[in-house]
$ cat start.txt   # compact mmCIF, N, CA and C atoms
# COMPACT_ATOMS: atom_id res chain seq x y z
N MET A 1 68.27 77.81 38.65
CA MET A 1 69.27 78.58 37.95
C MET A 1 69.56 77.90 36.61
N ILE A 2 69.60 78.69 35.57
CA ILE A 2 69.95 78.21 34.23
C ILE A 2 71.26 78.86 33.83
N ILE A 3 72.24 78.04 33.48
CA ILE A 3 73.53 78.55 33.01
C ILE A 3 73.75 78.00 31.61
N ASP A 4 73.63 78.87 30.63
CA ASP A 4 73.77 78.47 29.23
C ASP A 4 74.13 79.71 28.41
N ASP A 5 75.10 79.57 27.54
CA ASP A 5 75.54 80.72 26.75
C ASP A 5 74.62 81.01 25.57
N ASP A 6 73.69 80.13 25.27
CA ASP A 6 72.79 80.32 24.13
C ASP A 6 71.47 80.93 24.60
N ASP A 7 71.16 82.13 24.11
CA ASP A 7 69.95 82.85 24.52
C ASP A 7 68.68 82.06 24.23
N VAL A 8 68.62 81.44 23.07
CA VAL A 8 67.42 80.69 22.69
C VAL A 8 67.24 79.46 23.59
N ASP A 9 68.32 78.74 23.85
CA ASP A 9 68.23 77.57 24.74
C ASP A 9 67.78 77.98 26.14
N ARG A 10 68.31 79.11 26.64
CA ARG A 10 67.89 79.59 27.97
C ARG A 10 66.41 79.94 27.97
N TYR A 11 65.95 80.60 26.92
CA TYR A 11 64.55 81.00 26.82
C TYR A 11 63.64 79.77 26.81
N ILE A 12 63.97 78.80 25.98
CA ILE A 12 63.15 77.58 25.87
C ILE A 12 63.12 76.83 27.20
N LEU A 13 64.27 76.68 27.83
CA LEU A 13 64.33 75.97 29.10
C LEU A 13 63.54 76.72 30.17
N LYS A 14 63.68 78.03 30.22
CA LYS A 14 62.94 78.82 31.20
C LYS A 14 61.43 78.62 31.03
N LYS A 15 60.95 78.69 29.81
CA LYS A 15 59.52 78.50 29.55
C LYS A 15 59.06 77.09 29.95
N THR A 16 59.88 76.09 29.67
CA THR A 16 59.53 74.71 30.01
C THR A 16 59.52 74.52 31.53
N VAL A 17 60.47 75.11 32.22
CA VAL A 17 60.50 75.04 33.69
C VAL A 17 59.25 75.70 34.26
N GLN A 18 58.86 76.84 33.70
CA GLN A 18 57.66 77.53 34.17
C GLN A 18 56.41 76.69 33.92
N GLN A 19 56.32 76.05 32.75
CA GLN A 19 55.15 75.24 32.42
C GLN A 19 54.99 74.03 33.33
N THR A 20 56.10 73.51 33.82
CA THR A 20 56.05 72.33 34.68
C THR A 20 56.04 72.69 36.17
N ALA A 21 56.11 73.98 36.46
CA ALA A 21 56.14 74.47 37.85
C ALA A 21 57.26 73.80 38.64
N LEU A 22 58.38 73.59 37.99
CA LEU A 22 59.54 72.98 38.64
C LEU A 22 60.20 73.93 39.63
N ALA A 23 60.08 75.23 39.38
CA ALA A 23 60.71 76.22 40.25
C ALA A 23 59.82 77.44 40.40
N ASP A 24 59.90 78.06 41.57
CA ASP A 24 59.17 79.30 41.81
C ASP A 24 59.90 80.49 41.21
N GLU A 25 61.22 80.47 41.31
CA GLU A 25 62.06 81.55 40.79
C GLU A 25 63.11 80.95 39.87
N ILE A 26 63.43 81.68 38.81
CA ILE A 26 64.44 81.22 37.85
C ILE A 26 65.42 82.35 37.61
N SER A 27 66.68 82.08 37.86
CA SER A 27 67.72 83.04 37.51
C SER A 27 68.46 82.49 36.30
N GLU A 28 68.96 83.39 35.48
CA GLU A 28 69.64 82.98 34.25
C GLU A 28 71.02 83.63 34.17
N TYR A 29 71.98 82.84 33.69
CA TYR A 29 73.34 83.34 33.49
C TYR A 29 73.85 82.81 32.16
N SER A 30 74.54 83.67 31.44
CA SER A 30 75.08 83.26 30.15
C SER A 30 76.49 82.71 30.26
N THR A 31 77.10 82.83 31.43
CA THR A 31 78.42 82.24 31.65
C THR A 31 78.49 81.60 33.03
N GLY A 32 79.35 80.60 33.13
CA GLY A 32 79.59 79.97 34.41
C GLY A 32 80.27 80.91 35.39
N VAL A 33 81.05 81.83 34.86
CA VAL A 33 81.75 82.80 35.71
C VAL A 33 80.73 83.66 36.46
N GLU A 34 79.73 84.19 35.74
CA GLU A 34 78.70 85.01 36.38
C GLU A 34 77.93 84.22 37.43
N ALA A 35 77.60 82.99 37.11
CA ALA A 35 76.85 82.16 38.05
C ALA A 35 77.67 81.87 39.31
N LEU A 36 78.95 81.58 39.14
CA LEU A 36 79.81 81.32 40.31
C LEU A 36 79.97 82.58 41.16
N GLN A 37 80.02 83.75 40.52
CA GLN A 37 80.11 84.99 41.28
C GLN A 37 78.87 85.15 42.15
N PHE A 38 77.71 84.82 41.61
CA PHE A 38 76.48 84.90 42.40
C PHE A 38 76.53 83.89 43.54
N ILE A 39 76.89 82.65 43.23
CA ILE A 39 76.90 81.59 44.25
C ILE A 39 77.88 81.91 45.37
N THR A 40 79.07 82.30 45.04
CA THR A 40 80.06 82.58 46.07
C THR A 40 79.73 83.88 46.82
N GLY A 41 79.06 84.79 46.17
CA GLY A 41 78.64 86.03 46.83
C GLY A 41 77.47 85.82 47.77
N SER A 42 76.80 84.69 47.66
CA SER A 42 75.65 84.37 48.51
C SER A 42 76.03 83.50 49.69
N SER A 43 77.31 83.34 49.94
CA SER A 43 77.75 82.39 50.96
C SER A 43 77.18 82.69 52.34
N GLY A 44 76.87 83.93 52.61
CA GLY A 44 76.26 84.24 53.90
C GLY A 44 74.76 84.05 53.91
N LYS A 45 74.19 83.82 52.73
CA LYS A 45 72.73 83.70 52.59
C LYS A 45 72.42 82.39 51.87
N ILE A 46 72.54 81.29 52.57
CA ILE A 46 72.35 79.97 51.96
C ILE A 46 70.99 79.85 51.29
N ASN A 47 69.96 80.46 51.86
CA ASN A 47 68.62 80.34 51.28
C ASN A 47 68.48 81.07 49.95
N ASP A 48 69.44 81.95 49.62
CA ASP A 48 69.42 82.64 48.33
C ASP A 48 69.99 81.77 47.20
N LEU A 49 70.63 80.68 47.57
CA LEU A 49 71.25 79.81 46.56
C LEU A 49 70.19 78.96 45.87
N PRO A 50 70.44 78.60 44.63
CA PRO A 50 69.47 77.76 43.91
C PRO A 50 69.48 76.34 44.45
N ASP A 51 68.30 75.72 44.45
CA ASP A 51 68.20 74.30 44.78
C ASP A 51 68.65 73.47 43.59
N LEU A 52 68.42 73.99 42.41
CA LEU A 52 68.67 73.24 41.19
C LEU A 52 69.34 74.14 40.15
N ILE A 53 70.37 73.60 39.52
CA ILE A 53 71.10 74.32 38.48
C ILE A 53 71.05 73.49 37.19
N PHE A 54 70.60 74.11 36.11
CA PHE A 54 70.70 73.51 34.78
C PHE A 54 71.97 74.07 34.17
N LEU A 55 72.92 73.21 33.89
CA LEU A 55 74.26 73.62 33.49
C LEU A 55 74.61 73.07 32.11
N ASP A 56 74.82 73.98 31.16
CA ASP A 56 75.28 73.59 29.83
C ASP A 56 76.75 73.18 29.92
N ILE A 57 77.12 72.17 29.17
CA ILE A 57 78.51 71.68 29.16
C ILE A 57 79.40 72.58 28.31
N ASN A 58 78.95 72.89 27.10
CA ASN A 58 79.80 73.61 26.15
C ASN A 58 79.55 75.10 26.20
N MET A 59 80.44 75.80 26.94
CA MET A 59 80.35 77.25 27.05
C MET A 59 81.75 77.83 26.97
N PRO A 60 81.86 79.07 26.50
CA PRO A 60 83.17 79.73 26.49
C PRO A 60 83.57 80.18 27.89
N MET A 61 84.80 80.55 28.04
CA MET A 61 85.41 81.07 29.28
C MET A 61 85.51 79.99 30.36
N LEU A 62 84.40 79.41 30.76
CA LEU A 62 84.37 78.40 31.82
C LEU A 62 83.33 77.38 31.40
N ASN A 63 83.78 76.20 30.95
CA ASN A 63 82.79 75.22 30.49
C ASN A 63 82.11 74.55 31.69
N GLY A 64 81.14 73.72 31.40
CA GLY A 64 80.37 73.09 32.47
C GLY A 64 81.21 72.26 33.42
N PHE A 65 82.18 71.53 32.90
CA PHE A 65 83.03 70.71 33.76
C PHE A 65 83.91 71.57 34.67
N GLU A 66 84.41 72.66 34.13
CA GLU A 66 85.21 73.58 34.94
C GLU A 66 84.35 74.20 36.05
N PHE A 67 83.09 74.54 35.70
CA PHE A 67 82.15 75.06 36.70
C PHE A 67 81.95 74.03 37.81
N LEU A 68 81.73 72.78 37.42
CA LEU A 68 81.51 71.72 38.41
C LEU A 68 82.73 71.53 39.32
N GLU A 69 83.92 71.63 38.77
CA GLU A 69 85.13 71.49 39.57
C GLU A 69 85.20 72.59 40.63
N VAL A 70 84.87 73.81 40.25
CA VAL A 70 84.87 74.91 41.21
C VAL A 70 83.77 74.70 42.25
N LEU A 71 82.57 74.33 41.80
CA LEU A 71 81.44 74.10 42.71
C LEU A 71 81.79 73.02 43.73
N GLU A 72 82.40 71.94 43.28
CA GLU A 72 82.75 70.84 44.18
C GLU A 72 83.80 71.27 45.20
N GLY A 73 84.59 72.28 44.88
CA GLY A 73 85.62 72.76 45.79
C GLY A 73 85.11 73.76 46.83
N LEU A 74 83.86 74.18 46.70
CA LEU A 74 83.31 75.15 47.63
C LEU A 74 82.96 74.49 48.95
N HIS A 75 82.69 75.31 49.93
CA HIS A 75 82.27 74.84 51.26
C HIS A 75 81.11 73.85 51.10
N ASN A 76 81.10 72.80 51.90
CA ASN A 76 80.07 71.76 51.79
C ASN A 76 78.66 72.30 51.86
N GLN A 77 78.42 73.31 52.68
CA GLN A 77 77.08 73.87 52.81
C GLN A 77 76.62 74.47 51.49
N LEU A 78 77.55 75.06 50.74
CA LEU A 78 77.20 75.63 49.45
C LEU A 78 76.95 74.54 48.42
N LYS A 79 77.91 73.63 48.29
CA LYS A 79 77.78 72.64 47.22
C LYS A 79 76.67 71.63 47.49
N ASN A 80 76.36 71.37 48.76
CA ASN A 80 75.28 70.43 49.07
C ASN A 80 73.91 71.03 48.81
N ARG A 81 73.82 72.33 48.79
CA ARG A 81 72.55 73.01 48.54
C ARG A 81 72.17 72.94 47.05
N CYS A 82 73.16 73.03 46.19
CA CYS A 82 72.93 73.17 44.76
C CYS A 82 73.06 71.82 44.05
N ARG A 83 71.94 71.27 43.60
CA ARG A 83 71.96 70.07 42.77
C ARG A 83 72.02 70.49 41.31
N VAL A 84 72.74 69.71 40.51
CA VAL A 84 73.02 70.12 39.12
C VAL A 84 72.46 69.11 38.13
N VAL A 85 71.78 69.63 37.12
CA VAL A 85 71.38 68.84 35.97
C VAL A 85 72.23 69.34 34.81
N VAL A 86 73.08 68.48 34.31
CA VAL A 86 73.93 68.83 33.18
C VAL A 86 73.09 68.71 31.92
N ILE A 87 73.18 69.73 31.05
CA ILE A 87 72.43 69.72 29.80
C ILE A 87 73.41 69.87 28.64
N SER A 88 73.09 69.18 27.56
CA SER A 88 73.95 69.22 26.38
C SER A 88 73.11 69.00 25.14
N SER A 89 73.56 69.54 24.04
CA SER A 89 72.87 69.31 22.77
C SER A 89 73.44 68.10 22.05
N ILE A 90 74.47 67.49 22.62
CA ILE A 90 75.12 66.34 22.01
C ILE A 90 75.12 65.16 22.97
N GLU A 91 74.65 64.01 22.51
CA GLU A 91 74.71 62.79 23.31
C GLU A 91 76.14 62.28 23.26
N ASP A 92 76.80 62.32 24.39
CA ASP A 92 78.20 61.88 24.48
C ASP A 92 78.35 61.08 25.76
N GLU A 93 78.53 59.77 25.63
CA GLU A 93 78.63 58.91 26.80
C GLU A 93 79.83 59.27 27.67
N GLY A 94 80.90 59.76 27.06
CA GLY A 94 82.07 60.20 27.83
C GLY A 94 81.73 61.40 28.71
N ASP A 95 81.01 62.36 28.13
CA ASP A 95 80.58 63.53 28.91
C ASP A 95 79.61 63.11 30.02
N ARG A 96 78.69 62.20 29.70
CA ARG A 96 77.73 61.72 30.69
C ARG A 96 78.46 61.06 31.86
N ALA A 97 79.41 60.19 31.55
CA ALA A 97 80.16 59.50 32.60
C ALA A 97 80.97 60.50 33.43
N ARG A 98 81.59 61.45 32.76
CA ARG A 98 82.39 62.46 33.47
C ARG A 98 81.50 63.30 34.38
N ALA A 99 80.33 63.71 33.89
CA ALA A 99 79.41 64.53 34.68
C ALA A 99 78.93 63.77 35.92
N ASN A 100 78.65 62.49 35.75
CA ASN A 100 78.14 61.69 36.86
C ASN A 100 79.17 61.44 37.95
N GLN A 101 80.43 61.78 37.70
CA GLN A 101 81.46 61.64 38.73
C GLN A 101 81.38 62.75 39.77
N PHE A 102 80.68 63.82 39.45
CA PHE A 102 80.55 64.93 40.38
C PHE A 102 79.39 64.68 41.34
N GLU A 103 79.65 64.89 42.61
CA GLU A 103 78.68 64.62 43.66
C GLU A 103 77.38 65.41 43.50
N SER A 104 77.47 66.62 43.02
CA SER A 104 76.30 67.49 42.92
C SER A 104 75.42 67.19 41.70
N VAL A 105 75.91 66.42 40.75
CA VAL A 105 75.15 66.13 39.53
C VAL A 105 74.10 65.05 39.80
N ILE A 106 72.84 65.39 39.48
CA ILE A 106 71.76 64.43 39.68
C ILE A 106 71.20 63.88 38.38
N ASP A 107 71.54 64.52 37.24
CA ASP A 107 71.05 64.01 35.96
C ASP A 107 71.84 64.65 34.82
N TYR A 108 71.73 64.03 33.66
CA TYR A 108 72.35 64.50 32.42
C TYR A 108 71.27 64.40 31.36
N LEU A 109 70.84 65.53 30.81
CA LEU A 109 69.74 65.54 29.86
C LEU A 109 70.14 66.24 28.57
N LEU A 110 69.48 65.83 27.49
CA LEU A 110 69.74 66.43 26.18
C LEU A 110 68.78 67.58 25.91
N LYS A 111 69.32 68.62 25.28
CA LYS A 111 68.51 69.77 24.87
C LYS A 111 67.82 69.46 23.55
N PRO A 112 66.69 70.06 23.32
CA PRO A 112 65.91 70.84 24.26
C PRO A 112 65.19 69.92 25.25
N LEU A 113 65.09 70.35 26.49
CA LEU A 113 64.45 69.54 27.51
C LEU A 113 62.94 69.58 27.31
N SER A 114 62.34 68.45 27.38
CA SER A 114 60.88 68.36 27.21
C SER A 114 60.19 68.51 28.56
N GLU A 115 58.90 68.80 28.51
CA GLU A 115 58.11 68.86 29.74
C GLU A 115 58.16 67.51 30.46
N ASN A 116 58.10 66.41 29.68
CA ASN A 116 58.12 65.08 30.31
C ASN A 116 59.42 64.83 31.06
N SER A 117 60.56 65.24 30.49
CA SER A 117 61.83 65.01 31.18
C SER A 117 61.89 65.84 32.46
N LEU A 118 61.34 67.04 32.44
CA LEU A 118 61.34 67.88 33.64
C LEU A 118 60.36 67.35 34.68
N LEU A 119 59.24 66.81 34.25
CA LEU A 119 58.29 66.22 35.20
C LEU A 119 58.89 64.98 35.86
N ARG A 120 59.63 64.16 35.09
CA ARG A 120 60.31 63.00 35.69
C ARG A 120 61.37 63.47 36.69
N LEU A 121 62.07 64.52 36.33
CA LEU A 121 63.08 65.08 37.23
C LEU A 121 62.41 65.59 38.51
N LYS A 122 61.31 66.29 38.36
CA LYS A 122 60.57 66.82 39.51
C LYS A 122 60.09 65.68 40.42
N ASP A 123 59.54 64.64 39.82
CA ASP A 123 59.10 63.48 40.60
C ASP A 123 60.26 62.85 41.35
N GLY A 124 61.39 62.71 40.69
CA GLY A 124 62.57 62.12 41.31
C GLY A 124 63.09 62.97 42.45
N MET A 125 63.04 64.27 42.30
CA MET A 125 63.50 65.17 43.36
C MET A 125 62.57 65.10 44.56
N GLN A 126 61.28 64.98 44.34
CA GLN A 126 60.34 64.88 45.45
C GLN A 126 60.54 63.55 46.18
N TYR A 127 60.82 62.50 45.44
CA TYR A 127 61.07 61.20 46.05
C TYR A 127 62.33 61.26 46.90
N THR A 128 63.37 61.89 46.36
CA THR A 128 64.63 62.01 47.08
C THR A 128 64.48 62.83 48.35
N GLN A 129 63.71 63.93 48.29
CA GLN A 129 63.52 64.77 49.46
C GLN A 129 62.71 64.05 50.53
N ALA A 130 61.80 63.17 50.14
CA ALA A 130 60.97 62.46 51.09
C ALA A 130 61.73 61.33 51.77
N SER A 131 62.77 60.85 51.13
CA SER A 131 63.54 59.72 51.68
C SER A 131 64.35 60.12 52.89
$ encode --input "start.txt" --output "structure tokens"
Amino acid sequence: MIIDDDDVDRYILKKTVQQTALADEISEYSTGVEALQFITGSSGKINDLPDLIFLDINMPMLNGFEFLEVLEGLHNQLKNRCRVVVISSIEDEGDRARANQFESVIDYLLKPLSENSLLRLKDGMQYTQAS
């Protein structure tokens, strides 16, 4: 799942995810509100939930941190299913530290994401699943 209010950033990330075969299916949302509606509406269908969410920090209506606060408050089965990679166009150590306080966050990456960063992420996820 990609959650980003910028159409170009979503397009670039989607193409990069496809090139690295990081995901079989990719859903896109331009707001955190829309994404949360999907996630909470899927509560009876855990397998419909994304394994991985790319979440932009700076968005209108519901920013990335607000999204994470809602996600962390959901039923454990929901929040444990969805791992989050926070994405930002600005390197901010305060944002990085704040993002890493959330249990579901597995990484913080700068946009645009490169194929190499996604391949490292993919390798790390496979290592984690095997452990």
$ closest_residue --input "start.txt" --among "A:Leu55, A:Val86, A:Ile46, A:Leu36" --to "A:Gly73" --atoms "only C-alpha atoms"
A:Leu36
$ residues_around --input "start.txt" --residues "stretch 105-121 of chain A" --least-positions-apart "2" --cutoff "8 Å" --atoms "only N, CA and C atoms" --output "MDAnalysis selection string"
chainID A and resid 9 12:13 16:17 19:20 22 82:91 95:96 99:103 123:127
$ atom_distance --input "start.txt" --atom1 "atom N of A:Ser27" --atom2 "atom CA of A:Pro50"
7.9 Å
$ select_by_dssp --input "start.txt" --residues "chain A" --states "helix (DSSP H, G or I)" --output "PyMOL selection string"
chain A and resi 7-20+32-41+46-48+64-73+76-81+93-100+115-130
$ atom_distance --input "start.txt" --atom1 "atom CA of A:Met1" --atom2 "atom CA of A:Tyr29"
7.7 Å
$ atom_distance --input "start.txt" --atom1 "atom N of A:Asp56" --atom2 "atom C of A:Ile3"
4.2 Å
$ residues_around --input "start.txt" --residues "A:Glu34" --least-positions-apart "6" --cutoff "12 Å" --atoms "only C-alpha atoms" --output "list in words"
Met1, Ile2, Ile3, Asp4, Asp5, Ser27, Glu28, Thr40, Gly41, Met61, Leu62 and Phe67 of chain A
